[in-house]
Amino acid sequence: MQILFPSVASLLLTALGLLSSPVLSAPSPSKGSAKAEDIWPTSATSTAPWEVPSASASSTPSSGDWNTTSGTWNTTTPDTGNSTSPDDGSSSTYGSTPAFVVYTDRVTGGRVLPPVSEIEGYTVVVLSFLLAGGAADQAAAWAALDDGEKHAIKNEYNAAGVSVIVSAFGATDSPTSDGADPVATANWMAQFVLDNQLDGIDVDYEDLAAMNARDGRAEEWLVTFTKTLREKLPKGHYLLTHAPVAPWFSPVFNTSGAYLTIHQKAGDLIDWYNVQFYNQGEGMYTTCDNLLTLSGGTWPGSSLLEIAQAGVPLAKLVIGKYAAEGGGASGFMEPHALGECAAQARKLGWGAGIMTWQYPEANSEWIKAARGTAFPL
């Protein structure tokens, strides 16, 4: 959940047709500001290191095809005791949208997760973060619970239609640049999910140096990482989501494709994208127009419908915003304003849901307002 905007004048790109145009150069994005970094862990040091297990993958990913008409996967819900589908009248396929996602990174010292009544309106809670070197913050707090406590909390959440997953990496981790092996990293992170009774994993990859190099290395790393995760966390049984920043769907990255390439090569394994429509420059994604239909500015081609036009199904694009003013550097919208945009998007064929950073600012009242008339409770 980083800042990517360049330090020079906005690029003069206006249409998604540029995806097939000659390569466009862009200045290297900056790596954030103190204001934006305040929402992330201040240290990448693990507070509860996990050793990479030697266990090999033994599961086979579930198969399924994307139905562009219905916006769902053509699979049946597996009869597994691990997880429950959102209890919101949506498709019964586990991993389908709409999804209403809230991150939690702030360790309070008390109960790791609040009573489920305090997050009514959400369908997924994400424990942050599982770093390449081990668990930190809320992920570490969850891992420190005994098995009975984990079981009781997860049963409470699952019974209410809420999945509990962990988020990998975040803004302090640079796995590709640091030379982490994608297969070994994916295997131990998948084992962390299994060992800790979790419902899946979110990939919040923010290795800016690797992706901004536009040499294909970051895309290859993420594709391999995602495929390896799915070998141990089969589709339909476990959630596997990604949380890319919106500009990584922009034609600015058409040299190597960024997330358009990842979607082409591994999108069938990813349940949905928690797209970060924030922290990308003043004025970006702050109106319904530049959030939904024409982003313009520094990162053209990265609004919701422009991303869909580039080949990513609308049903996989969850709109992400931070919840509290001051919780990020740019892109803030009041939840009621976001709800108005969501209602407009529904009329345009979208219905994937909303993601936010983070609880407790993003409580049940926040998501109720953000869902608005598009997803009324």
# chains A, B, ... in the order shown; residues from 1 in each chain; ligands from 1
call {"tool": "closest_atom_pairs", "arguments": {"of": "range 255-277 of chain A", "to": "range 92-116 of chain A", "cutoff": "12 Å", "atoms": "only C-alpha atoms", "output": "CSV"}}
result
residue,atom,partner,partner_atom,distance
A:Asp268,CA,A:Gly95,CA,11.5
A:Leu269,CA,A:Gly95,CA,10.3
A:Ile270,CA,A:Gly95,CA,8.8
A:Asp271,CA,A:Gly95,CA,5.4
A:Trp272,CA,A:Thr97,CA,7.6
A:Tyr273,CA,A:Ala99,CA,10.2
A:Asn274,CA,A:Val101,CA,8.1
A:Val275,CA,A:Val101,CA,11.2
call {"tool": "residues_around", "arguments": {"residues": "Gly320 in chain A", "least_positions_apart": "4", "cutoff": "9 Å", "atoms": "only C-alpha atoms", "output": "list in words"}}
result
Val101, Ala243, Asn274, Val275, Gln276, Phe277, Tyr278, Gly353, Ile354, Met355, Thr356 and Trp357 of chain A
call {"tool": "residues_around", "arguments": {"residues": "Leu304 in chain A", "least_positions_apart": "6", "cutoff": "8 Å", "atoms": "only C-alpha atoms", "output": "VMD selection string"}}
result
chain A and resid 291 to 293 314 317 319
call {"tool": "closest_residue", "arguments": {"among": "A:Ala315, A:Ser117, A:Ala369, A:Asp215", "to": "Ala159 in chain A", "atoms": "only C-alpha atoms"}}
result
A:Ser117
call {"tool": "closest_atom_pairs", "arguments": {"of": "range 156-205 of chain A", "to": "range 218-230 of chain A", "cutoff": "8 Å", "atoms": "only C-alpha atoms", "output": "tab-separated table"}}
result
residue	atom	partner	partner_atom	distance
A:Thr176	CA	A:Ala218	CA	6.5
A:Pro182	CA	A:Phe225	CA	4.8
A:Val183	CA	A:Phe225	CA	5.8
A:Thr185	CA	A:Phe225	CA	7.5
A:Ala186	CA	A:Leu229	CA	5.3
A:Asn187	CA	A:Leu229	CA	6.4
A:Met189	CA	A:Leu229	CA	7.9
A:Ala190	CA	A:Leu229	CA	5.9
call {"tool": "atom_distance", "arguments": {"atom1": "CA of Glu306 in chain A", "atom2": "CA of Ile201 in chain A"}}
result
26.7 Å
